[in-house]
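Chemist: So that you have it, the file is start.txt, and it contains compact mmCIF, C-alpha atoms and all ligand atoms:
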# COMPACT_ATOMS: atom_id res chain seq x y z
CA MET A 28 -22.46 26.07 21.48
CA THR A 29 -19.14 24.24 21.29
CA ASP A 30 -16.41 25.19 23.69
CA ASN A 31 -13.27 26.30 21.77
CA ALA A 32 -11.14 24.16 24.08
CA ASN A 33 -12.72 21.09 22.50
CA VAL A 34 -11.66 22.09 19.00
CA LEU A 35 -8.25 20.72 18.00
CA ASP A 36 -5.89 22.84 15.93
CA ALA A 37 -5.61 19.96 13.46
CA VAL A 38 -6.51 16.37 12.79
CA VAL A 39 -4.35 14.21 10.56
CA VAL A 40 -6.05 11.22 8.93
CA GLY A 41 -3.63 8.32 8.49
CA ALA A 42 -0.45 7.22 10.28
CA GLY A 43 1.70 6.29 7.30
CA TRP A 44 4.91 8.19 6.76
CA ALA A 45 3.08 11.22 5.31
CA GLY A 46 0.74 11.52 8.30
CA LEU A 47 3.52 10.99 10.84
CA GLY A 48 5.73 13.54 9.07
CA VAL A 49 2.93 16.13 9.18
CA SER A 50 2.29 15.34 12.84
CA TYR A 51 5.98 15.90 13.62
CA SER A 52 5.79 19.39 12.07
CA LEU A 53 2.55 20.22 13.88
CA ALA A 54 4.05 19.12 17.18
CA ARG A 55 7.11 21.31 16.60
CA GLN A 56 4.76 24.26 16.15
CA GLY A 57 3.10 23.38 19.44
CA LEU A 58 -0.26 22.73 17.76
CA ARG A 59 -2.85 20.53 19.48
CA HIS A 60 -3.67 17.72 17.13
CA ALA A 61 -4.47 14.03 16.76
CA VAL A 62 -3.43 11.47 14.16
CA LEU A 63 -6.35 9.14 13.49
CA GLU A 64 -5.39 5.74 12.09
CA ARG A 65 -7.89 3.06 11.07
CA GLY A 66 -5.44 0.27 12.00
CA ARG A 67 -1.91 0.49 13.34
CA ILE A 68 0.99 2.76 12.44
CA GLY A 69 2.11 1.81 8.91
CA GLU A 70 -1.05 -0.24 8.34
CA THR A 71 -0.67 -0.22 4.56
CA TRP A 72 2.82 -1.67 4.83
CA ARG A 73 1.73 -4.32 7.29
CA THR A 74 -1.27 -5.57 5.36
CA GLN A 75 -0.77 -4.74 1.67
CA ARG A 76 2.79 -5.89 0.92
CA TRP A 77 4.05 -9.36 0.12
CA ASP A 78 6.21 -11.25 2.64
CA SER A 79 9.56 -10.79 0.91
CA PHE A 80 8.90 -7.11 0.13
CA ARG A 81 11.79 -4.67 0.20
CA MET A 82 11.62 -0.93 -0.31
CA ASN A 83 12.73 0.39 -3.68
CA THR A 84 13.91 3.53 -1.91
CA PRO A 85 17.50 3.18 -0.62
CA ASN A 86 18.04 3.42 3.13
CA VAL A 87 19.67 6.80 2.77
CA GLN A 88 16.37 8.17 1.46
CA THR A 89 14.12 6.22 3.79
CA VAL A 90 14.30 8.70 6.61
CA MET A 91 11.72 10.70 8.49
CA PRO A 92 11.74 14.48 9.04
CA GLY A 93 14.47 15.57 11.44
CA ASP A 94 16.33 12.25 11.06
CA CYS A 95 19.26 11.32 8.89
CA TYR A 96 20.65 7.96 7.93
CA ASP A 97 23.73 6.95 9.89
CA GLY A 98 23.83 3.20 9.26
CA SER A 99 26.40 1.19 7.36
CA ASP A 100 24.25 0.24 4.34
CA PRO A 101 23.08 3.50 2.71
CA PHE A 102 22.08 1.83 -0.55
CA GLY A 103 20.42 -1.21 0.98
CA ALA A 104 16.64 -1.54 1.16
CA LEU A 105 14.53 -2.09 4.25
CA THR A 106 12.15 -5.01 4.49
CA ARG A 107 8.47 -4.35 5.09
CA ASN A 108 8.84 -5.09 8.82
CA GLN A 109 11.92 -2.93 9.18
CA PHE A 110 10.10 -0.03 7.59
CA VAL A 111 7.12 -0.45 9.94
CA ALA A 112 9.57 -0.53 12.87
CA LEU A 113 11.14 2.71 11.61
CA LEU A 114 7.71 4.40 11.57
CA GLU A 115 6.81 3.10 15.02
CA ASP A 116 10.14 4.25 16.43
CA PHE A 117 9.68 7.72 14.91
CA ALA A 118 6.20 8.09 16.43
CA ARG A 119 7.41 6.89 19.85
CA ARG A 120 10.55 9.06 19.98
CA ASN A 121 8.58 12.16 19.03
CA GLU A 122 5.58 11.27 21.20
CA LEU A 123 3.20 11.76 18.32
CA PRO A 124 -0.49 11.65 19.29
CA VAL A 125 -1.49 8.64 17.18
CA GLU A 126 -4.91 7.13 17.87
CA PRO A 127 -4.95 3.63 16.37
CA ASP A 128 -8.08 1.66 15.46
CA THR A 129 -9.94 4.87 14.66
CA VAL A 130 -11.56 4.92 11.23
CA VAL A 131 -12.65 8.31 9.91
CA THR A 132 -15.95 7.72 8.20
CA GLU A 133 -17.19 11.25 7.55
CA LEU A 134 -15.76 14.73 7.26
CA ALA A 135 -17.90 17.85 7.10
CA GLY A 136 -16.95 21.51 6.90
CA GLY A 137 -18.98 24.50 8.04
CA HIS A 138 -18.74 23.80 11.74
CA GLU A 139 -19.96 26.72 13.89
CA ASN A 140 -16.41 27.65 14.95
CA GLY A 141 -15.21 27.67 11.36
CA GLY A 142 -13.65 24.25 11.41
CA TYR A 143 -14.45 20.64 10.58
CA ARG A 144 -16.39 17.83 12.14
CA LEU A 145 -14.97 14.33 11.83
CA ILE A 146 -17.10 11.31 12.51
CA THR A 147 -14.97 8.35 13.49
CA SER A 148 -15.54 4.79 14.66
CA ARG A 149 -14.76 6.07 18.17
CA GLY A 150 -16.77 9.27 18.27
CA THR A 151 -16.85 12.79 16.86
CA LEU A 152 -13.99 15.29 16.76
CA LEU A 153 -13.84 18.97 15.89
CA ALA A 154 -10.78 20.56 14.31
CA ARG A 155 -9.80 23.85 12.71
CA ASN A 156 -7.71 22.06 10.10
CA VAL A 157 -7.72 18.57 8.64
CA VAL A 158 -4.83 16.93 6.80
CA ILE A 159 -5.82 13.91 4.73
CA ALA A 160 -2.85 11.55 4.64
CA SER A 161 -4.81 8.39 3.97
CA GLY A 162 -2.59 7.22 1.10
CA ASN A 163 -3.12 7.10 -2.62
CA LEU A 164 -2.19 3.50 -3.40
CA ASN A 165 -4.32 1.61 -0.91
CA CYS A 166 -7.17 0.58 -3.18
CA PRO A 167 -6.45 -1.94 -5.92
CA VAL A 168 -7.72 -0.99 -9.36
CA ARG A 169 -8.63 -3.79 -11.73
CA PRO A 170 -9.08 -3.13 -15.42
CA VAL A 171 -12.71 -3.45 -16.46
CA TRP A 172 -12.00 -6.49 -18.60
CA ALA A 173 -10.99 -8.48 -15.51
CA ALA A 174 -14.69 -8.95 -14.72
CA ALA A 175 -15.17 -10.80 -18.01
CA LEU A 176 -12.42 -13.37 -17.48
CA PRO A 177 -13.43 -17.02 -16.98
CA PRO A 178 -14.73 -17.67 -13.44
CA GLY A 179 -12.26 -20.55 -12.85
CA LEU A 180 -9.33 -18.22 -13.31
CA ARG A 181 -8.13 -17.11 -9.91
CA GLN A 182 -7.41 -13.41 -9.73
CA ILE A 183 -5.44 -11.76 -6.93
CA ASP A 184 -4.60 -8.12 -6.43
CA ALA A 185 -1.00 -7.31 -5.62
CA SER A 186 -2.14 -5.98 -2.23
CA ASP A 187 -3.48 -9.43 -1.31
CA TYR A 188 -0.51 -11.38 -2.60
CA ARG A 189 1.80 -12.69 0.16
CA SER A 190 3.98 -15.43 -1.30
CA ALA A 191 4.16 -17.98 -4.09
CA ALA A 192 3.33 -20.68 -1.56
CA ASP A 193 -0.26 -19.40 -1.44
CA LEU A 194 -0.78 -19.95 -5.16
CA PRO A 195 -2.14 -23.24 -6.45
CA ALA A 196 0.12 -25.21 -8.81
CA GLY A 197 -0.07 -23.95 -12.35
CA ALA A 198 1.14 -21.21 -14.57
CA VAL A 199 0.84 -17.62 -13.42
CA LEU A 200 0.26 -14.58 -15.52
CA VAL A 201 1.33 -11.25 -14.03
CA VAL A 202 -0.55 -8.27 -15.37
CA GLY A 203 1.10 -4.92 -14.74
CA SER A 204 4.71 -3.94 -15.13
CA GLY A 205 5.01 -1.26 -12.47
CA GLN A 206 6.56 -1.74 -9.04
CA SER A 207 4.55 -4.78 -7.93
CA GLY A 208 4.40 -6.87 -11.09
CA PRO A 209 8.04 -7.47 -11.92
CA ARG A 210 9.03 -7.83 -8.26
CA SER A 211 6.34 -10.42 -7.55
CA ARG A 212 7.45 -12.22 -10.67
CA LYS A 213 11.03 -12.28 -9.42
CA ASN A 214 9.75 -13.68 -6.16
CA TRP A 215 7.86 -16.49 -7.93
CA ARG A 216 10.78 -17.32 -10.07
CA LYS A 217 13.04 -17.65 -7.05
CA GLN A 218 10.52 -19.79 -5.18
CA ALA A 219 9.83 -21.91 -8.25
CA GLU A 220 13.55 -22.64 -8.49
CA GLN A 221 13.75 -23.39 -4.78
CA SER A 222 10.83 -25.79 -4.92
CA SER A 223 12.19 -27.56 -8.03
CA LEU A 224 9.31 -26.57 -10.25
CA PRO A 225 10.14 -26.42 -13.95
CA PRO A 226 12.08 -23.24 -14.69
CA ALA A 227 10.20 -20.05 -15.42
CA GLY A 228 8.99 -19.75 -18.97
CA SER A 229 9.04 -23.48 -19.62
CA GLY A 230 5.27 -23.50 -20.08
CA GLY A 231 3.00 -26.35 -19.12
CA SER A 232 0.56 -26.48 -16.29
CA ARG A 233 3.24 -26.65 -13.55
CA GLY A 234 5.53 -23.91 -14.82
CA THR A 235 5.47 -20.29 -13.78
CA THR A 236 4.82 -18.27 -16.86
CA GLU A 237 7.12 -15.35 -16.58
CA VAL A 238 5.19 -12.53 -18.13
CA ALA A 239 4.57 -8.97 -17.08
CA THR A 240 2.54 -6.83 -19.34
CA SER A 241 1.22 -3.30 -19.27
CA CYS A 242 -2.46 -3.22 -20.10
CA SER A 243 -4.76 -0.34 -20.70
CA GLY A 244 -8.22 -0.34 -19.16
CA SER A 245 -9.92 -1.96 -22.10
CA SER A 246 -13.40 -3.41 -21.82
CA LYS A 247 -12.41 -6.40 -23.92
CA ALA A 248 -11.78 -9.71 -22.22
CA ASP A 249 -8.69 -10.53 -24.20
CA PHE A 250 -5.18 -9.21 -23.97
CA SER A 251 -4.87 -7.94 -27.50
CA THR A 252 -5.22 -4.40 -26.20
CA CYS A 253 -2.15 -4.65 -24.00
CA VAL A 254 0.43 -2.00 -24.59
CA GLU A 255 2.98 -4.74 -24.79
CA THR A 256 1.01 -7.15 -26.94
CA ARG A 257 1.34 -10.87 -26.44
CA SER A 258 -1.20 -13.63 -26.77
CA PHE A 259 -2.20 -15.83 -23.92
CA ASP A 260 -4.24 -18.97 -24.01
CA LEU A 261 -6.62 -18.38 -21.15
CA ARG A 262 -8.14 -21.83 -21.56
CA GLY A 263 -5.02 -23.30 -19.94
CA ALA A 264 -4.36 -23.60 -16.23
CA PHE A 265 -3.47 -19.98 -15.67
CA HIS A 266 -3.80 -18.10 -12.44
CA LEU A 267 -4.05 -14.46 -13.13
CA VAL A 268 -2.48 -12.00 -10.76
CA VAL A 269 -3.54 -8.45 -11.38
CA CYS A 270 -0.83 -6.12 -10.26
CA LEU A 271 -2.19 -2.70 -10.98
CA GLY A 272 -2.17 0.40 -8.78
C1 LIG B 301 3.61 -2.25 -3.77
C2 LIG B 301 4.06 -0.86 -3.42
C3 LIG B 301 5.39 -0.64 -3.11
C4 LIG B 301 5.84 0.65 -2.77
N1 LIG B 301 7.15 0.82 -2.46
C5 LIG B 301 7.59 2.06 -2.14
C6 LIG B 301 8.96 2.27 -1.77
O1 LIG B 301 9.76 1.36 -1.75
N2 LIG B 301 9.33 3.55 -1.43
C7 LIG B 301 8.45 4.58 -1.45
O2 LIG B 301 8.83 5.71 -1.14
N3 LIG B 301 7.17 4.40 -1.81
C8 LIG B 301 6.71 3.17 -2.14
N4 LIG B 301 5.41 3.00 -2.49
C9 LIG B 301 4.53 4.12 -2.49
C10 LIG B 301 3.95 4.23 -1.09
O3 LIG B 301 2.62 3.82 -1.10
C11 LIG B 301 4.04 5.61 -0.63
O4 LIG B 301 5.36 6.06 -0.69
C12 LIG B 301 3.64 5.75 0.84
O5 LIG B 301 3.02 4.63 1.38
C13 LIG B 301 2.70 6.83 0.93
O6 LIG B 301 2.65 7.12 2.32
P1 LIG B 301 1.34 7.67 2.90
O7 LIG B 301 1.60 7.97 4.33
O8 LIG B 301 0.84 8.77 2.02
O9 LIG B 301 0.27 6.49 2.73
P2 LIG B 301 0.13 5.13 3.53
O10 LIG B 301 1.42 4.58 3.96
O11 LIG B 301 -0.75 4.27 2.68
O12 LIG B 301 -0.65 5.56 4.86
C14 LIG B 301 -1.99 5.93 4.86
C15 LIG B 301 -2.58 5.52 6.19
O13 LIG B 301 -3.90 6.05 6.28
C16 LIG B 301 -4.71 5.08 6.91
N5 LIG B 301 -6.10 5.35 6.54
C17 LIG B 301 -6.66 5.23 5.30
N6 LIG B 301 -7.96 5.57 5.33
C18 LIG B 301 -8.23 5.91 6.63
C19 LIG B 301 -9.41 6.33 7.30
N7 LIG B 301 -10.59 6.50 6.65
N8 LIG B 301 -9.35 6.60 8.63
C20 LIG B 301 -8.18 6.46 9.31
N9 LIG B 301 -7.03 6.03 8.71
C21 LIG B 301 -7.06 5.77 7.39
C22 LIG B 301 -4.17 3.76 6.41
O14 LIG B 301 -4.51 2.69 7.28
C23 LIG B 301 -2.67 4.02 6.36
O15 LIG B 301 -2.00 3.66 7.56
C24 LIG B 301 4.93 1.73 -2.79
C25 LIG B 301 3.58 1.50 -3.10
C26 LIG B 301 3.15 0.22 -3.40
C27 LIG B 301 1.70 -0.01 -3.71
Turn the structure described in the file into structure tokens.
Ligand SMILES: Cc1cc2nc3c(=O)[nH]c(=O)nc-3n(C[C@H](O)[C@H](O)[C@H](O)COP(=O)(O)OP(=O)(O)OC[C@H]3O[C@@H](n4cnc5c(N)ncnc54)[C@H](O)[C@@H]3O)c2cc1C
Modeler:
Amino acid sequence: MTDNANVLDAVVVGAGWAGLGVSYSLARQGLRHAVLERGRIGETWRTQRWDSFRMNTPNVQTVMPGDCYDGSDPFGALTRNQFVALLEDFARRNELPVEPDTVVTELAGGHENGGYRLITSRGTLLARNVVIASGNLNCPVRPVWAAALPPGLRQIDASDYRSAADLPAGAVLVVGSGQSGPRSRKNWRKQAEQSSLPPAGSGGSRGTTEVATSCSGSSKADFSTCVETRSFDLRGAFHLVVCLG
């Protein structure tokens, strides 16, 4: 029989800004809880954003519960590191019970006290409530046709992309015109100019091909099914960067 004292009121999975915000509310209610994080606070922002990343949310909106923006640049945008620092500061100031390096691997309901059992990389926990705040954009999704592209064509997910310096010389095709695609493209363009490569769009094996295209999940290995249709010669020295959710 499990002692009730060992059952937490709640467990929050994930210490991104959703998980920390929930933890703040739970703490204000005086509820016993833990925030389990597989890495460090803001792990997604530390490991899945490119080096020159800046938030698309203005500073005035990039605030945590209970806080308000009082800086001098309300419409500026935080860098990746500044945003991580903001999350860390919020957790520290509010003494949130974050347990880093704790991966939740299993969650089961029907526990004898009416709660949940969580299996983690550091043991088992029991809780009456579980809040899943593990993020919804952490797993790259490649269109099925990506598997059929020529093996010599290097493919990188936006979450693994850090900077243009990591890409081999050659043209680059950006697939995806959401948040990541156009901003990575801007980044390449800037770096290409800085490193005296031929200007974007000039073609050739050394140029950065400045293309962002929205593709549907077609099973075909060509790009004719793209929403924004263009043709690409994939026999050339292209490096394909897949920038989809
Ligand atoms: C390229 C890109 C740019 C974006 N830019 C912005 C922006 O500028 N402004 C904006 O508002 N939104 C932006 N978003 C959306 C952004 O992802 C969400 O706003 C925000 O990260 C969601 O916060 P979250 O706390 O739900 O998830 P996350 O920040 O992803 O946090 C989830 C946490 O859960 C942890 N976790 C996952 N699985 C487990 C597990 N099994 N056990 C323990 N821990 C686990 C992760 O390590 C992570 O720390 C962007 C998204 C992408 C992909």
Chemist: For the interface of chain A with ligand LIG 301 (chain B) (cut-off 7 Å, counting all atoms listed in the file), please tabulate each contacting residue of chain A alongside its nearest pair of atoms and their separation in Å to one decimal, rows sorted by chain and increasing number, as JSON lines.
Modeler:
{"residue": "A:Val40", "atom": "CA", "partner": "B:LIG301", "partner_atom": "C20", "distance": 5.2}
{"residue": "A:Gly41", "atom": "CA", "partner": "B:LIG301", "partner_atom": "O13", "distance": 3.2}
{"residue": "A:Ala42", "atom": "CA", "partner": "B:LIG301", "partner_atom": "O15", "distance": 4.7}
{"residue": "A:Gly43", "atom": "CA", "partner": "B:LIG301", "partner_atom": "O7", "distance": 3.4}
{"residue": "A:Trp44", "atom": "CA", "partner": "B:LIG301", "partner_atom": "O7", "distance": 4.1}
{"residue": "A:Ala45", "atom": "CA", "partner": "B:LIG301", "partner_atom": "O7", "distance": 3.7}
{"residue": "A:Gly46", "atom": "CA", "partner": "B:LIG301", "partner_atom": "O7", "distance": 5.4}
{"residue": "A:Leu63", "atom": "CA", "partner": "B:LIG301", "partner_atom": "C20", "distance": 5.3}
{"residue": "A:Glu64", "atom": "CA", "partner": "B:LIG301", "partner_atom": "N9", "distance": 3.8}
{"residue": "A:Arg65", "atom": "CA", "partner": "B:LIG301", "partner_atom": "C20", "distance": 3.8}
{"residue": "A:Gly66", "atom": "CA", "partner": "B:LIG301", "partner_atom": "O14", "distance": 5.4}
{"residue": "A:Arg67", "atom": "CA", "partner": "B:LIG301", "partner_atom": "O15", "distance": 6.6}
{"residue": "A:Ile68", "atom": "CA", "partner": "B:LIG301", "partner_atom": "O15", "distance": 5.8}
{"residue": "A:Gly69", "atom": "CA", "partner": "B:LIG301", "partner_atom": "O15", "distance": 4.7}
{"residue": "A:Glu70", "atom": "CA", "partner": "B:LIG301", "partner_atom": "O15", "distance": 4.1}
{"residue": "A:Thr71", "atom": "CA", "partner": "B:LIG301", "partner_atom": "O11", "distance": 4.9}
{"residue": "A:Trp72", "atom": "CA", "partner": "B:LIG301", "partner_atom": "O10", "distance": 6.5}
{"residue": "A:Arg76", "atom": "CA", "partner": "B:LIG301", "partner_atom": "C1", "distance": 6.0}
{"residue": "A:Arg81", "atom": "CA", "partner": "B:LIG301", "partner_atom": "O1", "distance": 6.7}
{"residue": "A:Met82", "atom": "CA", "partner": "B:LIG301", "partner_atom": "O1", "distance": 3.3}
{"residue": "A:Asn83", "atom": "CA", "partner": "B:LIG301", "partner_atom": "O1", "distance": 3.7}
{"residue": "A:Thr84", "atom": "CA", "partner": "B:LIG301", "partner_atom": "N2", "distance": 4.6}
{"residue": "A:Thr129", "atom": "CA", "partner": "B:LIG301", "partner_atom": "C20", "distance": 5.9}
{"residue": "A:Val130", "atom": "CA", "partner": "B:LIG301", "partner_atom": "N8", "distance": 3.8}
{"residue": "A:Val131", "atom": "CA", "partner": "B:LIG301", "partner_atom": "N8", "distance": 3.9}
{"residue": "A:Thr132", "atom": "CA", "partner": "B:LIG301", "partner_atom": "N7", "distance": 5.7}
{"residue": "A:Ala160", "atom": "CA", "partner": "B:LIG301", "partner_atom": "O8", "distance": 5.3}
{"residue": "A:Ser161", "atom": "CA", "partner": "B:LIG301", "partner_atom": "O13", "distance": 3.4}
{"residue": "A:Gly162", "atom": "CA", "partner": "B:LIG301", "partner_atom": "O9", "distance": 3.4}
{"residue": "A:Asn163", "atom": "CA", "partner": "B:LIG301", "partner_atom": "O8", "distance": 6.3}
{"residue": "A:Leu164", "atom": "CA", "partner": "B:LIG301", "partner_atom": "C27", "distance": 5.2}
{"residue": "A:Asn165", "atom": "CA", "partner": "B:LIG301", "partner_atom": "O11", "distance": 5.7}
{"residue": "A:Gln206", "atom": "CA", "partner": "B:LIG301", "partner_atom": "C1", "distance": 6.1}
{"residue": "A:Ser207", "atom": "CA", "partner": "B:LIG301", "partner_atom": "C1", "distance": 5.0}
{"residue": "A:Gly272", "atom": "CA", "partner": "B:LIG301", "partner_atom": "C27", "distance": 6.4}
Chemist: Print the selection's residues with C-alpha atoms to a file, as a short mmCIF file (atom, residue, chain, number, x, y, z; two decimals), keeping the file's coordinate frame.
Modeler:
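Output file again_19.cif is given in full below:
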data_model
loop_
_atom_site.label_atom_id
_atom_site.label_comp_id
_atom_site.auth_asym_id
_atom_site.auth_seq_id
_atom_site.Cartn_x
_atom_site.Cartn_y
_atom_site.Cartn_z
CA VAL A 40 -6.05 11.22 8.93
CA GLY A 41 -3.63 8.32 8.49
CA ALA A 42 -0.45 7.22 10.28
CA GLY A 43 1.70 6.29 7.30
CA TRP A 44 4.91 8.19 6.76
CA ALA A 45 3.08 11.22 5.31
CA GLY A 46 0.74 11.52 8.30
CA LEU A 63 -6.35 9.14 13.49
CA GLU A 64 -5.39 5.74 12.09
CA ARG A 65 -7.89 3.06 11.07
CA GLY A 66 -5.44 0.27 12.00
CA ARG A 67 -1.91 0.49 13.34
CA ILE A 68 0.99 2.76 12.44
CA GLY A 69 2.11 1.81 8.91
CA GLU A 70 -1.05 -0.24 8.34
CA THR A 71 -0.67 -0.22 4.56
CA TRP A 72 2.82 -1.67 4.83
CA ARG A 76 2.79 -5.89 0.92
CA ARG A 81 11.79 -4.67 0.20
CA MET A 82 11.62 -0.93 -0.31
CA ASN A 83 12.73 0.39 -3.68
CA THR A 84 13.91 3.53 -1.91
CA THR A 129 -9.94 4.87 14.66
CA VAL A 130 -11.56 4.92 11.23
CA VAL A 131 -12.65 8.31 9.91
CA THR A 132 -15.95 7.72 8.20
CA ALA A 160 -2.85 11.55 4.64
CA SER A 161 -4.81 8.39 3.97
CA GLY A 162 -2.59 7.22 1.10
CA ASN A 163 -3.12 7.10 -2.62
CA LEU A 164 -2.19 3.50 -3.40
CA ASN A 165 -4.32 1.61 -0.91
CA GLN A 206 6.56 -1.74 -9.04
CA SER A 207 4.55 -4.78 -7.93
CA GLY A 272 -2.17 0.40 -8.78
#
Chemist: Kindly indicate which residue among A:Arg149, A:His60, A:Arg155, A:Arg55 lies nearest to Pro92 in chain A, using only C-alpha atoms for the distances.
Modeler: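 Closest residue, counting only C-alpha atoms: A:Arg55.
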Chemist: In Å, with one decimal, what is the gap from CA of Phe117 in chain A to CA of Asp78 in chain A?
Modeler: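 Here the two named atoms are 22.9 Å from each other.
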Chemist: Quick one: of A:Ser52, A:Ser79, A:Asn108, A:Asn156, who's nearest to Gly93 in chain A, counting all atoms listed in the file?
Modeler: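 Nearest to Gly93 in chain A: A:Ser52.
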Chemist: Grab the CA of Val125 in chain A to CA of Arg189 in chain A distance for me, in Å with one decimal place.
Modeler: 27.5 Å
Chemist: Let me make sure I understand: among A:Asn33, A:Ala196, A:Arg169, A:Val38, which one has the smallest atom-to-atom distance to Glu126 in chain A if we use only C-alpha atoms?
Modeler: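 Of A:Asn33, A:Ala196, A:Arg169, A:Val38, the one nearest Glu126 in chain A, counting only C-alpha atoms, is A:Val38.
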Chemist: So the first atom is CA of Trp172 in chain A and the second is CA of Phe80 in chain A; what is the distance between them in Å, to one decimal place?
Modeler: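 One can read the CA of Trp172 in chain A to CA of Phe80 in chain A distance as 28.1 Å.
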Chemist: Write out as number ranges by chain the residues lying within 7 Å of range 100-102 of chain A, counting only C-alpha atoms and excluding same-chain residues fewer than 5 positions away.
Modeler: A: 85-87
Chemist: For the selection just defined, write its residues with C-alpha atoms to a file, as a PDB file, in the frame of the given file.
Modeler:
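Result file is out.pdb:
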ATOM      1  CA  PRO A  85      17.500   3.180  -0.620  1.00  0.00           C
ATOM      2  CA  ASN A  86      18.040   3.420   3.130  1.00  0.00           C
ATOM      3  CA  VAL A  87      19.670   6.800   2.770  1.00  0.00           C
TER       4      VAL A  87
END
